[in-house]
file final_5.cif (mmCIF, C-alpha atoms)
data_work
#
loop_
_atom_site.label_atom_id
_atom_site.label_comp_id
_atom_site.auth_asym_id
_atom_site.auth_seq_id
_atom_site.Cartn_x
_atom_site.Cartn_y
_atom_site.Cartn_z
CA MET A 1 -3.39 25.22 9.88
CA LYS A 2 -7.06 24.90 10.60
CA LYS A 3 -8.14 21.53 11.89
CA MET A 4 -11.48 19.82 11.95
CA GLU A 5 -12.12 17.12 14.50
CA ASN A 6 -13.42 14.05 12.73
CA ASN A 7 -15.18 12.82 15.84
CA GLN A 8 -17.38 15.91 15.53
CA LEU A 9 -18.05 15.36 11.85
CA SER A 10 -21.63 15.94 10.74
CA HIS A 11 -23.46 16.12 7.44
CA LYS A 12 -23.48 19.90 7.74
CA ARG A 13 -19.70 20.04 8.17
CA ILE A 14 -19.18 17.71 5.23
CA PHE A 15 -21.49 19.84 3.11
CA LEU A 16 -19.74 23.09 4.06
CA PHE A 17 -16.33 21.59 3.26
CA TRP A 18 -17.49 19.87 0.05
CA MET A 19 -19.64 22.67 -1.35
CA PRO A 20 -16.83 25.06 -2.43
CA LEU A 21 -15.00 22.15 -4.06
CA ALA A 22 -18.22 21.07 -5.77
CA ALA A 23 -18.77 24.65 -6.93
CA THR A 24 -15.24 24.59 -8.35
CA TRP A 25 -15.92 21.43 -10.33
CA LEU A 26 -19.33 22.73 -11.42
CA MET A 27 -17.77 25.89 -12.75
CA MET A 28 -15.16 23.83 -14.58
CA SER A 29 -17.94 21.68 -15.98
CA ALA A 30 -19.45 24.81 -17.49
CA GLU A 31 -16.34 25.23 -19.64
CA GLY A 32 -17.20 22.38 -22.00
CA PRO A 33 -20.77 23.46 -22.80
CA LEU A 34 -19.72 27.11 -23.10
CA LEU A 35 -16.85 26.45 -25.49
CA ALA A 36 -18.89 23.90 -27.45
CA ALA A 37 -21.70 26.43 -27.79
CA VAL A 38 -19.27 29.04 -29.13
CA ILE A 39 -17.56 26.62 -31.53
CA ALA A 40 -20.93 25.29 -32.77
CA ARG A 41 -21.93 28.83 -33.77
CA LEU A 42 -18.75 29.58 -35.72
CA LEU A 43 -17.85 28.54 -39.27
CA GLU A 44 -17.51 24.82 -40.03
CA PRO A 45 -18.90 23.70 -36.67
CA LYS A 46 -18.69 19.96 -37.35
CA ALA A 47 -14.98 20.01 -38.31
CA ASN A 48 -14.03 22.42 -35.52
CA LEU A 49 -15.97 20.54 -32.82
CA ALA A 50 -14.26 17.33 -33.95
CA ALA A 51 -10.80 18.98 -34.00
CA TYR A 52 -11.27 20.60 -30.60
CA GLY A 53 -12.53 17.33 -29.12
CA VAL A 54 -9.49 15.40 -30.39
CA ALA A 55 -7.03 18.12 -29.30
CA TYR A 56 -8.60 18.24 -25.86
CA ALA A 57 -8.41 14.45 -25.53
CA ILE A 58 -4.71 14.45 -26.46
CA ALA A 59 -3.94 17.35 -24.13
CA LEU A 60 -5.72 15.50 -21.33
CA PHE A 61 -3.40 12.56 -21.88
CA PHE A 62 -0.33 14.75 -21.36
CA GLU A 63 -1.98 16.44 -18.39
CA ALA A 64 -2.70 13.07 -16.76
CA PRO A 65 0.55 12.67 -14.77
CA VAL A 66 -0.08 15.90 -12.84
CA ILE A 67 -3.82 15.74 -12.33
CA MET A 68 -3.60 13.84 -9.02
CA MET A 69 -1.27 16.45 -7.51
CA MET A 70 -4.17 18.00 -5.63
CA SER A 71 -4.87 14.71 -3.85
CA ALA A 72 -1.15 14.26 -3.16
CA ALA A 73 -0.81 17.72 -1.64
CA THR A 74 -3.95 17.22 0.46
CA ALA A 75 -2.67 13.89 1.78
CA LEU A 76 1.08 14.52 2.16
CA ILE A 77 1.69 18.13 3.17
CA LYS A 78 2.12 18.23 6.94
CA ASN A 79 4.89 20.77 7.52
CA LYS A 80 7.63 22.85 5.89
CA GLN A 81 9.74 19.87 4.86
CA THR A 82 6.90 17.97 3.18
CA PHE A 83 5.73 21.14 1.41
CA LEU A 84 9.17 21.89 -0.04
CA LYS A 85 9.78 18.30 -1.15
CA LEU A 86 6.41 17.95 -2.85
CA ARG A 87 6.76 21.36 -4.49
CA ARG A 88 10.10 20.38 -6.05
CA PHE A 89 8.57 17.09 -7.18
CA THR A 90 5.67 18.98 -8.78
CA TYR A 91 7.90 21.41 -10.66
CA GLY A 92 10.05 18.58 -12.01
CA LEU A 93 6.98 16.66 -13.14
CA ASN A 94 5.56 19.77 -14.83
CA LEU A 95 8.78 20.16 -16.83
CA LEU A 96 8.71 16.52 -17.94
CA VAL A 97 5.08 16.59 -19.14
CA THR A 98 5.69 19.82 -21.08
CA LEU A 99 8.69 18.28 -22.86
CA ALA A 100 6.72 15.11 -23.59
CA MET A 101 3.83 17.07 -25.08
CA ALA A 102 6.22 19.17 -27.19
CA ILE A 103 7.60 15.94 -28.68
CA GLY A 104 4.12 14.47 -29.10
CA ILE A 105 2.84 17.43 -31.12
CA SER A 106 5.96 17.86 -33.25
CA PRO A 107 4.92 17.58 -36.92
CA PRO A 108 6.36 14.09 -37.67
CA VAL A 109 4.96 12.52 -34.51
CA PHE A 110 1.62 14.29 -34.83
CA ARG A 111 1.18 13.22 -38.46
CA LEU A 112 1.78 9.62 -37.42
CA LEU A 113 -0.77 9.91 -34.59
CA ALA A 114 -3.49 11.93 -36.32
CA MET A 115 -3.30 10.81 -39.92
CA ASP A 116 -2.01 7.24 -39.77
CA PHE A 117 -3.30 6.06 -36.39
CA MET A 118 -6.52 8.06 -35.91
CA GLY A 119 -7.33 8.53 -39.58
CA LEU A 120 -8.41 12.17 -39.23
CA PRO A 121 -9.32 14.02 -42.42
CA PRO A 122 -6.52 16.46 -43.40
CA HIS A 123 -8.53 19.60 -42.58
CA VAL A 124 -9.54 18.29 -39.14
CA ALA A 125 -5.96 17.17 -38.47
CA GLU A 126 -4.62 20.63 -39.33
CA LEU A 127 -7.07 22.33 -36.97
CA THR A 128 -6.26 19.79 -34.26
CA HIS A 129 -2.52 20.44 -34.55
CA LYS A 130 -2.93 24.21 -34.28
CA ALA A 131 -5.13 23.79 -31.21
CA LEU A 132 -2.56 21.50 -29.58
CA ILE A 133 0.25 24.01 -30.09
CA ILE A 134 -1.83 26.58 -28.22
CA LEU A 135 -2.56 24.02 -25.48
CA LEU A 136 1.16 23.30 -24.89
CA PRO A 137 1.39 25.35 -21.62
CA TRP A 138 -1.83 23.81 -20.32
CA PRO A 139 -0.57 20.61 -18.58
CA ALA A 140 2.12 22.41 -16.55
CA ALA A 141 -0.36 25.13 -15.58
CA ILE A 142 -2.75 22.40 -14.40
CA GLY A 143 -0.01 20.76 -12.31
CA TYR A 144 1.00 24.07 -10.72
CA ARG A 145 -2.61 24.97 -10.03
CA ARG A 146 -3.59 21.61 -8.56
CA PHE A 147 -0.58 21.58 -6.24
CA TYR A 148 -1.58 24.92 -4.72
CA GLN A 149 -5.24 23.93 -4.65
CA GLY A 150 -4.15 20.92 -2.59
CA VAL A 151 -2.32 23.31 -0.28
CA LEU A 152 -5.51 25.35 0.11
CA ILE A 153 -7.60 22.24 0.81
CA ARG A 154 -5.03 21.04 3.35
CA ALA A 155 -5.43 24.40 5.11
CA HIS A 156 -9.25 24.05 4.87
CA PHE A 157 -9.42 27.13 2.62
CA THR A 158 -11.78 25.42 0.19
CA ARG A 159 -13.63 28.63 -0.66
CA ARG A 160 -10.43 30.05 -2.13
CA VAL A 161 -10.28 27.10 -4.50
CA ALA A 162 -13.72 28.14 -5.75
CA TYR A 163 -12.65 31.78 -6.07
CA GLY A 164 -9.79 30.69 -8.34
CA THR A 165 -12.22 28.83 -10.57
CA VAL A 166 -14.40 31.94 -10.85
CA ILE A 167 -11.34 33.72 -12.23
CA ARG A 168 -10.73 30.83 -14.63
CA LEU A 169 -14.30 30.75 -15.92
CA ALA A 170 -14.48 34.53 -16.31
CA THR A 171 -11.19 34.61 -18.22
CA MET A 172 -12.27 31.78 -20.48
CA ALA A 173 -15.61 33.44 -21.26
CA LEU A 174 -13.94 36.78 -21.93
CA VAL A 175 -11.47 35.27 -24.39
CA ALA A 176 -14.01 32.99 -26.09
CA PHE A 177 -16.63 35.70 -26.60
CA GLY A 178 -13.96 38.21 -27.59
CA PHE A 179 -12.80 35.90 -30.38
CA TYR A 180 -16.42 35.12 -31.32
CA PHE A 181 -17.49 38.75 -31.73
CA PHE A 182 -14.32 40.41 -32.97
CA THR A 183 -12.37 37.85 -35.02
CA GLU A 184 -12.90 35.15 -37.62
CA ILE A 185 -10.52 32.67 -35.96
CA PRO A 186 -11.68 29.02 -36.32
CA GLY A 187 -13.62 27.52 -33.44
CA ALA A 188 -11.00 24.92 -32.48
CA ILE A 189 -8.36 27.66 -32.12
CA THR A 190 -10.79 29.84 -30.18
CA GLY A 191 -11.54 27.05 -27.73
CA ALA A 192 -7.88 26.14 -27.19
CA THR A 193 -6.82 29.77 -26.64
CA ALA A 194 -9.63 30.41 -24.17
CA LEU A 195 -8.84 27.25 -22.23
CA THR A 196 -5.08 27.84 -21.98
CA THR A 197 -5.44 31.49 -20.97
CA ALA A 198 -8.04 30.65 -18.33
CA VAL A 199 -6.02 27.86 -16.70
CA CYS A 200 -2.90 30.04 -16.51
CA ALA A 201 -4.93 32.79 -14.83
CA GLU A 202 -6.35 30.31 -12.30
CA ALA A 203 -2.90 28.86 -11.56
CA LEU A 204 -1.56 32.32 -10.70
CA ALA A 205 -4.63 33.11 -8.58
CA SER A 206 -4.28 29.83 -6.66
CA ARG A 207 -0.66 30.60 -5.84
CA LEU A 208 -1.53 34.07 -4.59
CA MET A 209 -4.42 32.82 -2.46
CA ALA A 210 -2.20 30.14 -0.89
CA GLN A 211 0.42 32.71 0.10
CA GLN A 212 -0.79 33.05 3.71
CA PHE A 213 -0.56 29.33 4.42
CA VAL A 214 2.69 28.94 2.47
CA GLN A 215 4.29 31.67 4.56
CA SER A 216 3.17 29.96 7.76
CA LEU A 217 4.78 26.70 6.57
CA LEU A 218 8.02 28.36 5.47
CA SER A 219 8.32 30.18 8.81
CA GLU A 220 8.59 26.85 10.63
CA PRO A 221 12.05 25.91 11.94
CA ASP A 222 14.06 23.56 9.75
CA SER A 223 14.28 20.89 12.47
CA GLU A 224 11.30 18.52 12.55
CA SER A 225 9.16 18.34 15.65
CA PRO A 226 8.60 14.95 17.31
CA GLY A 227 6.02 12.92 15.41
CA SER A 228 6.18 15.22 12.40
CA PRO A 229 6.89 13.02 9.37
CA ALA A 230 9.82 13.65 7.06
CA LEU A 231 9.38 12.95 3.36
CA ASN A 232 11.83 12.11 0.60
CA PHE A 233 11.48 11.91 -3.16
CA ARG A 234 11.46 8.12 -3.16
CA GLU A 235 8.48 8.05 -0.79
CA ILE A 236 6.68 10.66 -2.87
CA ALA A 237 7.32 8.65 -6.04
CA GLN A 238 6.11 5.42 -4.44
CA PHE A 239 2.94 7.17 -3.27
CA TYR A 240 2.34 9.19 -6.42
CA TYR A 241 3.37 6.82 -9.21
CA PRO A 242 0.21 4.65 -8.98
CA LEU A 243 -1.95 7.79 -8.93
CA ALA A 244 -0.16 9.26 -11.96
CA LEU A 245 -0.38 5.98 -13.82
CA THR A 246 -4.08 5.83 -12.96
CA SER A 247 -4.65 9.24 -14.52
CA MET A 248 -2.54 8.42 -17.56
CA LEU A 249 -4.52 5.26 -18.18
CA GLY A 250 -7.86 6.93 -17.51
CA LEU A 251 -7.24 9.99 -19.65
CA GLY A 252 -5.06 8.20 -22.19
CA VAL A 253 -8.05 6.16 -23.25
CA ASN A 254 -9.67 9.27 -24.76
CA PRO A 255 -7.48 9.34 -27.92
CA ILE A 256 -8.12 5.59 -28.27
CA VAL A 257 -11.86 6.22 -28.06
CA SER A 258 -11.45 8.89 -30.74
CA PHE A 259 -9.57 6.36 -32.90
CA PHE A 260 -12.35 3.76 -32.68
CA MET A 261 -15.03 6.36 -33.37
CA GLY A 262 -13.02 7.48 -36.38
CA GLN A 263 -13.12 3.90 -37.66
CA GLY A 264 -16.81 3.30 -36.93
CA ARG A 265 -20.11 4.48 -38.43
CA PHE A 266 -20.65 8.24 -38.76
CA PRO A 267 -17.12 9.12 -37.61
CA ILE A 268 -17.21 12.92 -37.95
CA GLU A 269 -20.66 13.13 -36.33
CA SER A 270 -19.45 10.94 -33.43
CA LEU A 271 -16.25 12.97 -32.94
CA ALA A 272 -18.27 16.19 -33.02
CA VAL A 273 -20.95 15.00 -30.59
CA LEU A 274 -18.92 13.16 -27.94
CA PRO A 275 -17.31 16.26 -26.34
CA VAL A 276 -20.74 17.91 -26.16
CA VAL A 277 -22.30 14.83 -24.52
CA ASN A 278 -19.34 14.52 -22.15
CA SER A 279 -19.71 18.17 -21.21
CA LEU A 280 -23.30 17.63 -20.07
CA VAL A 281 -22.49 14.41 -18.19
CA PHE A 282 -19.45 16.08 -16.60
CA ILE A 283 -21.68 18.66 -14.92
CA PHE A 284 -23.14 15.85 -12.80
CA ARG A 285 -19.91 13.86 -12.50
CA SER A 286 -18.20 16.97 -11.16
CA LEU A 287 -20.23 16.83 -7.95
CA GLY A 288 -18.80 13.38 -7.29
CA LEU A 289 -15.25 14.30 -8.31
CA ALA A 290 -15.23 16.95 -5.58
CA PHE A 291 -15.80 14.22 -3.02
CA GLN A 292 -12.33 12.67 -3.36
CA GLU A 293 -10.43 15.49 -1.65
CA THR A 294 -13.32 15.93 0.79
CA GLY A 295 -12.99 12.29 1.82
CA ILE A 296 -9.20 12.47 2.12
CA ALA A 297 -9.31 15.59 4.26
CA LEU A 298 -12.16 14.52 6.56
CA MET A 299 -11.75 10.74 6.83
CA GLY A 300 -9.38 10.93 9.80
CA ASP A 301 -6.26 8.90 10.53
CA HIS A 302 -8.41 6.18 12.08
CA TYR A 303 -11.38 6.58 9.70
CA GLN A 304 -13.52 8.32 12.32
CA GLY A 305 -15.39 10.20 9.60
CA TYR A 306 -16.14 7.22 7.38
CA ARG A 307 -19.76 6.55 8.35
CA MET A 308 -20.88 10.16 8.02
CA LEU A 309 -19.06 10.45 4.70
CA ARG A 310 -20.70 7.25 3.44
CA GLN A 311 -24.19 8.50 4.31
CA PHE A 312 -23.51 11.79 2.56
CA ALA A 313 -22.14 9.98 -0.52
CA ILE A 314 -25.19 7.72 -0.84
CA ALA A 315 -27.59 10.67 -0.74
CA LEU A 316 -25.49 12.70 -3.17
CA GLY A 317 -25.03 9.82 -5.62
CA GLY A 318 -28.73 9.06 -5.85
CA SER A 319 -29.55 12.73 -6.40
CA ILE A 320 -27.12 13.38 -9.25
CA VAL A 321 -28.09 10.22 -11.14
CA ALA A 322 -31.78 11.15 -10.86
CA LEU A 323 -31.16 14.69 -12.10
CA LEU A 324 -29.16 13.62 -15.16
CA ALA A 325 -31.75 10.95 -16.00
CA LEU A 326 -34.46 13.62 -15.79
CA ILE A 327 -32.69 15.51 -18.56
CA ALA A 328 -31.61 12.51 -20.64
CA PHE A 329 -35.05 10.88 -20.88
CA THR A 330 -37.20 14.00 -21.35
CA PRO A 331 -37.50 16.80 -23.95
CA ALA A 332 -35.04 18.75 -21.79
CA ALA A 333 -32.29 16.94 -23.73
CA HIS A 334 -33.41 18.54 -27.01
CA PHE A 335 -33.48 21.94 -25.33
CA TRP A 336 -29.98 21.45 -23.93
CA TYR A 337 -28.35 20.24 -27.15
CA GLN A 338 -30.13 22.45 -29.67
CA THR A 339 -30.87 25.68 -27.80
CA ILE A 340 -27.99 25.83 -25.32
CA SER A 341 -25.24 23.84 -27.03
CA GLY A 342 -26.16 24.98 -30.55
CA LEU A 343 -26.15 21.54 -32.17
CA SER A 344 -28.12 20.99 -35.33
CA PRO A 345 -31.17 18.70 -35.14
CA GLU A 346 -29.10 16.05 -36.95
CA LEU A 347 -26.28 16.10 -34.38
CA THR A 348 -28.77 16.27 -31.52
CA GLU A 349 -30.21 12.92 -32.59
CA PHE A 350 -26.72 11.41 -32.39
CA ALA A 351 -26.36 12.76 -28.83
CA LEU A 352 -29.60 11.49 -27.25
CA LEU A 353 -28.98 7.75 -26.85
CA PRO A 354 -25.39 8.12 -25.55
CA THR A 355 -26.65 10.59 -22.94
CA GLN A 356 -29.29 8.12 -21.76
CA ILE A 357 -26.71 5.33 -21.52
CA LEU A 358 -24.34 7.57 -19.54
CA ALA A 359 -26.99 8.71 -17.04
CA ILE A 360 -25.70 6.20 -14.45
CA ILE A 361 -22.06 7.33 -14.73
CA PRO A 362 -22.22 10.14 -12.11
CA GLY A 363 -23.20 7.58 -9.47
CA PHE A 364 -20.33 5.28 -10.47
CA THR A 365 -17.96 8.27 -10.38
CA LEU A 366 -18.98 9.20 -6.85
CA LEU A 367 -18.46 5.62 -5.69
CA LEU A 368 -15.03 5.60 -7.34
CA THR A 369 -13.90 8.83 -5.68
CA PHE A 370 -15.09 7.58 -2.29
CA GLN A 371 -13.21 4.31 -2.80
CA ARG A 372 -10.09 6.25 -3.79
CA ALA A 373 -10.39 8.52 -0.75
CA VAL A 374 -10.33 5.49 1.55
CA LEU A 375 -7.33 3.97 -0.28
CA VAL A 376 -5.35 7.22 -0.51
CA THR A 377 -5.92 7.90 3.20
CA ALA A 378 -4.36 4.47 3.86
CA LYS A 379 -1.57 5.33 1.35
CA HIS A 380 -2.55 2.15 -0.48
CA THR A 381 -2.73 3.49 -4.04
CA ARG A 382 -1.74 0.50 -6.20
CA PRO A 383 -5.26 -1.04 -6.36
CA VAL A 384 -6.45 2.26 -7.86
CA THR A 385 -4.06 1.76 -10.77
CA PHE A 386 -5.04 -1.87 -11.30
CA ALA A 387 -8.74 -0.99 -11.35
CA THR A 388 -8.06 1.73 -13.93
CA MET A 389 -6.10 -0.72 -16.09
CA VAL A 390 -9.11 -3.03 -16.08
CA GLU A 391 -11.42 -0.10 -16.86
CA VAL A 392 -9.33 1.00 -19.83
CA THR A 393 -9.00 -2.56 -21.14
CA THR A 394 -12.76 -3.00 -20.88
CA ILE A 395 -13.42 0.25 -22.74
CA ILE A 396 -11.12 -0.76 -25.59
CA LEU A 397 -12.58 -4.26 -25.90
CA VAL A 398 -16.17 -3.05 -25.77
CA LEU A 399 -15.45 -0.36 -28.38
CA LEU A 400 -13.82 -2.95 -30.62
CA ILE A 401 -16.83 -5.25 -30.33
CA THR A 402 -19.53 -2.58 -30.67
CA THR A 403 -17.99 -0.71 -33.61
CA ARG A 404 -16.45 -3.62 -35.53
CA TYR A 405 -18.87 -6.49 -34.91
CA PHE A 406 -22.18 -4.85 -33.96
CA ASN A 407 -21.72 -1.95 -36.42
CA MET A 408 -22.81 0.47 -33.69
CA ILE A 409 -22.53 4.22 -34.19
CA GLY A 410 -19.19 5.30 -32.73
CA VAL A 411 -20.47 7.65 -30.03
CA THR A 412 -23.07 5.12 -28.84
CA GLY A 413 -20.43 2.40 -28.61
CA ALA A 414 -18.23 4.79 -26.62
CA ALA A 415 -21.05 5.42 -24.12
CA VAL A 416 -21.60 1.68 -23.59
CA ALA A 417 -17.85 1.17 -23.17
CA TYR A 418 -17.51 3.97 -20.59
CA VAL A 419 -20.33 2.56 -18.44
CA LEU A 420 -19.08 -1.05 -18.48
CA GLY A 421 -15.49 0.01 -17.87
CA ARG A 422 -16.39 2.10 -14.83
CA LEU A 423 -18.65 -0.65 -13.46
CA PHE A 424 -15.78 -3.15 -13.58
CA ALA A 425 -13.43 -0.66 -11.89
CA ASN A 426 -15.88 -0.04 -9.06
CA THR A 427 -16.33 -3.77 -8.57
CA LEU A 428 -12.59 -4.50 -8.43
CA LEU A 429 -11.93 -1.77 -5.84
CA MET A 430 -14.50 -3.17 -3.42
CA LEU A 431 -12.12 -5.85 -2.11
CA PRO A 432 -9.23 -3.58 -1.00
CA PHE A 433 -11.76 -0.92 0.04
CA ASN A 434 -13.57 -3.34 2.37
CA ARG A 435 -10.29 -4.81 3.67
CA ILE A 436 -8.97 -1.38 4.72
CA LEU A 437 -12.26 -0.49 6.39
CA ALA A 438 -12.31 -3.81 8.26
CA ASP A 439 -8.77 -3.21 9.52
CA HIS A 440 -9.49 0.30 10.76
CA LEU A 441 -13.11 0.23 11.86
CA ASN A 442 -12.69 -2.94 13.93
CA THR A 443 -9.63 -1.72 15.83
#
call {"tool": "encode", "arguments": {"input": "final_5.cif", "output": "structure tokens"}}
result
Amino acid sequence: MKKMENNQLSHKRIFLFWMPLAATWLMMSAEGPLLAAVIARLLEPKANLAAYGVAYAIALFFEAPVIMMMSAATALIKNKQTFLKLRRFTYGLNLLVTLAMAIGISPPVFRLLAMDFMGLPPHVAELTHKALIILLPWPAAIGYRRFYQGVLIRAHFTRRVAYGTVIRLATMALVAFGFYFFTEIPGAITGATALTTAVCAEALASRLMAQQFVQSLLSEPDSESPGSPALNFREIAQFYYPLALTSMLGLGVNPIVSFFMGQGRFPIESLAVLPVVNSLVFIFRSLGLAFQETGIALMGDHYQGYRMLRQFAIALGGSIVALLALIAFTPAAHFWYQTISGLSPELTEFALLPTQILAIIPGFTLLLTFQRAVLVTAKHTRPVTFATMVEVTTIILVLLITTRYFNMIGVTGAAVAYVLGRLFANTLLMLPFNRILADHLNT
């Protein structure tokens, strides 16, 4: 395994480690705008954008338990024994989430969720259900992929993570444009098929690119060397459960947001616009999301890399907020939504104010990933879950107030709720974050 000495950490080394991961997230962030642009140019764009957005939000909820597997692999894999234990844990978790999603999208359960709870129009509900059936393999493919991406990051093969995402993006574009030019399949189905196919291709590529490091781990003797930590399933569960719950809470709020938008003013317009707005904001959030694994890998057992990482994070956070604000508050927003994303002038007007409200979110996201990196390095993951619970609760309460009592347009209320929820989460994590730093930096 390649090692990097944290006492030699510099901004250049952080950048070189972070950049392939950032490129990976940036390429993934291109998925949303690309698929939205294709769907917006097919028949019935409003209904299909709404259906795809709801299906994606529900699929994200079922994906949530496995999404932190990359962080777990980066933090826990030390040797052959830890690799094998975490791999078995990952495969078991993948099976469980697939079964749960199959139950969740079965016709009786889905009708209860989509028609009775979310209040989707019948045509939108039908498109959503078809898209979800196609997305059924997606959560397990994500779990498999993120486990092996964590293996690659642990080996400091971050460029290979980016190569896998190139394969994913190319596959997705090939399928989406193939359907666009040569079929009359509805946009929601096109988007779901392209996404599932692409993630499966990336999962396979990640496994193949990790083969070299996997072989080196498996060639180790079965007996553990002195100081090499053993790992059992109970320890994995204790470490991973708060992270999985964090993801489930964070991503599980998306269907709830869809429910409140469906009950508020201009429901179809809000449901159609939110995934497009989120796709633009995600481009800038992605640069911060890449920092979590960077921080975990480079922090050091005694937090030797903390100060350099903090300086890098401050510079990066200020830059991405400024860039998104430059788009959100200038005519560039019209160009993005109408020319690139293919929204009508009517839907573009619905997208402008939420984008301006969300301009600060990339900075909050970077702070959150840096806080999580410090806590995960200390294997102190429970505060992460508590902060997410507060964030989700805040989002729900703010949505209830803005849509029911202030009669705010659904997508605008969602933007306000996302910002306030993330602000509260950042604030709550400061106490355990500062306590851990005080314990390590003063010793």
call {"tool": "closest_residue", "arguments": {"input": "final_5.cif", "among": "A:Gln292, A:Ser71, A:Ser258, A:Thr246", "to": "Ala425 (chain A)", "atoms": "all atoms listed in the file"}}
result
A:Thr246
call {"tool": "closest_residue", "arguments": {"input": "final_5.cif", "among": "A:Gln371, A:Thr355, A:Thr190, A:Ser206", "to": "Phe291 (chain A)", "atoms": "all atoms listed in the file"}}
result
A:Gln371
call {"tool": "resolve_selection", "arguments": {"input": "final_5.cif", "expression": "the PyMOL selection byres ((chain A and resi 400) around 10)", "output": "number ranges by chain"}}
result
A: 257, 260-261, 263-264, 394-399, 401-407, 413-414, 417
call {"tool": "resolve_selection", "arguments": {"input": "final_5.cif", "expression": "the PyMOL selection byres ((chain A and resi 70) around 6)", "output": "PyMOL selection string"}}
result
chain A and resi 68-69+71-73+146-147+150
call {"tool": "write_last_selection", "arguments": {"input": "final_5.cif", "atoms": "C-alpha atoms", "output": "PDB file, in the coordinates of the input"}}
result
ATOM      1  CA  MET A  68      -3.600  13.840  -9.020  1.00  0.00           C
ATOM      2  CA  MET A  69      -1.270  16.450  -7.510  1.00  0.00           C
ATOM      3  CA  SER A  71      -4.870  14.710  -3.850  1.00  0.00           C
ATOM      4  CA  ALA A  72      -1.150  14.260  -3.160  1.00  0.00           C
ATOM      5  CA  ALA A  73      -0.810  17.720  -1.640  1.00  0.00           C
ATOM      6  CA  ARG A 146      -3.590  21.610  -8.560  1.00  0.00           C
ATOM      7  CA  PHE A 147      -0.580  21.580  -6.240  1.00  0.00           C
ATOM      8  CA  GLY A 150      -4.150  20.920  -2.590  1.00  0.00           C
TER       9      GLY A 150
END
call {"tool": "closest_atom_pairs", "arguments": {"input": "final_5.cif", "of": "region 176-280 of chain A", "to": "region 45-50 of chain A", "cutoff": "10 Å", "atoms": "all atoms listed in the file", "output": "Markdown table"}}
result
| residue | atom | partner | partner_atom | distance |
| --- | --- | --- | --- | --- |
| A:Pro186 | CA | A:Asn48 | CA | 7.1 |
| A:Gly187 | CA | A:Asn48 | CA | 5.5 |
| A:Ala188 | CA | A:Asn48 | CA | 5.0 |
| A:Ile189 | CA | A:Asn48 | CA | 8.4 |
| A:Thr190 | CA | A:Asn48 | CA | 9.7 |
| A:Gly191 | CA | A:Leu49 | CA | 9.4 |
| A:Ser258 | CA | A:Ala50 | CA | 9.5 |
| A:Pro267 | CA | A:Ala50 | CA | 9.4 |
| A:Ile268 | CA | A:Ala50 | CA | 6.6 |
| A:Glu269 | CA | A:Lys46 | CA | 7.2 |
| A:Ser270 | CA | A:Ala50 | CA | 8.2 |
| A:Leu271 | CA | A:Ala50 | CA | 4.9 |
| A:Ala272 | CA | A:Ala50 | CA | 4.3 |
| A:Val273 | CA | A:Leu49 | CA | 7.8 |
| A:Leu274 | CA | A:Ala50 | CA | 8.7 |
| A:Pro275 | CA | A:Leu49 | CA | 7.9 |
| A:Val276 | CA | A:Leu49 | CA | 8.6 |
call {"tool": "resolve_selection", "arguments": {"input": "final_5.cif", "expression": "the PyMOL selection byres ((chain A and resi 356-367) around 6)", "output": "PyMOL selection string"}}
result
chain A and resi 284-285+288+317+321+324-325+328+353-355+368-370
call {"tool": "residues_around", "arguments": {"input": "final_5.cif", "residues": "region 209-223 of chain A", "least_positions_apart": "3", "cutoff": "8 Å", "atoms": "only C-alpha atoms", "output": "compact mmCIF listing (two decimals) with C-alpha atoms, in the frame of the given file"}}
result
# COMPACT_ATOMS: atom_id res chain seq x y z
CA MET A 1 -3.39 25.22 9.88
CA ASN A 79 4.89 20.77 7.52
CA LYS A 80 7.63 22.85 5.89
CA GLN A 81 9.74 19.87 4.86
CA PHE A 83 5.73 21.14 1.41
CA TYR A 148 -1.58 24.92 -4.72
CA GLN A 149 -5.24 23.93 -4.65
CA VAL A 151 -2.32 23.31 -0.28
CA LEU A 152 -5.51 25.35 0.11
CA ALA A 155 -5.43 24.40 5.11
CA ARG A 160 -10.43 30.05 -2.13
CA ALA A 205 -4.63 33.11 -8.58
CA SER A 206 -4.28 29.83 -6.66
call {"tool": "atom_distance", "arguments": {"input": "final_5.cif", "atom1": "CA of Met27 (chain A)", "atom2": "CA of Val281 (chain A)"}}
result
13.6 Å
call {"tool": "closest_residue", "arguments": {"input": "final_5.cif", "among": "A:Phe312, A:Phe282, A:Tyr240, A:Phe350", "to": "His380 (chain A)", "atoms": "only C-alpha atoms"}}
result
A:Tyr240
call {"tool": "atom_distance", "arguments": {"input": "final_5.cif", "atom1": "CA of Arg41 (chain A)", "atom2": "CA of Ala201 (chain A)"}}
result
25.8 Å
call {"tool": "residues_around", "arguments": {"input": "final_5.cif", "residues": "Asn434 (chain A)", "least_positions_apart": "3", "cutoff": "12 Å", "atoms": "only C-alpha atoms", "output": "JSON list (two decimals) with C-alpha atoms, keeping the file's coordinate frame"}}
result
[["chain", "number", "residue", "atom", "x", "y", "z"],
["A", 306, "TYR", "CA", -16.14, 7.22, 7.38],
["A", 370, "PHE", "CA", -15.09, 7.58, -2.29],
["A", 371, "GLN", "CA", -13.21, 4.31, -2.80],
["A", 372, "ARG", "CA", -10.09, 6.25, -3.79],
["A", 374, "VAL", "CA", -10.33, 5.49, 1.55],
["A", 375, "LEU", "CA", -7.33, 3.97, -0.28],
["A", 427, "THR", "CA", -16.33, -3.77, -8.57],
["A", 428, "LEU", "CA", -12.59, -4.50, -8.43],
["A", 429, "LEU", "CA", -11.93, -1.77, -5.84],
["A", 430, "MET", "CA", -14.50, -3.17, -3.42],
["A", 431, "LEU", "CA", -12.12, -5.85, -2.11],
["A", 437, "LEU", "CA", -12.26, -0.49, 6.39],
["A", 438, "ALA", "CA", -12.31, -3.81, 8.26],
["A", 439, "ASP", "CA", -8.77, -3.21, 9.52],
["A", 440, "HIS", "CA", -9.49, 0.30, 10.76],
["A", 441, "LEU", "CA", -13.11, 0.23, 11.86],
["A", 442, "ASN", "CA", -12.69, -2.94, 13.93]]
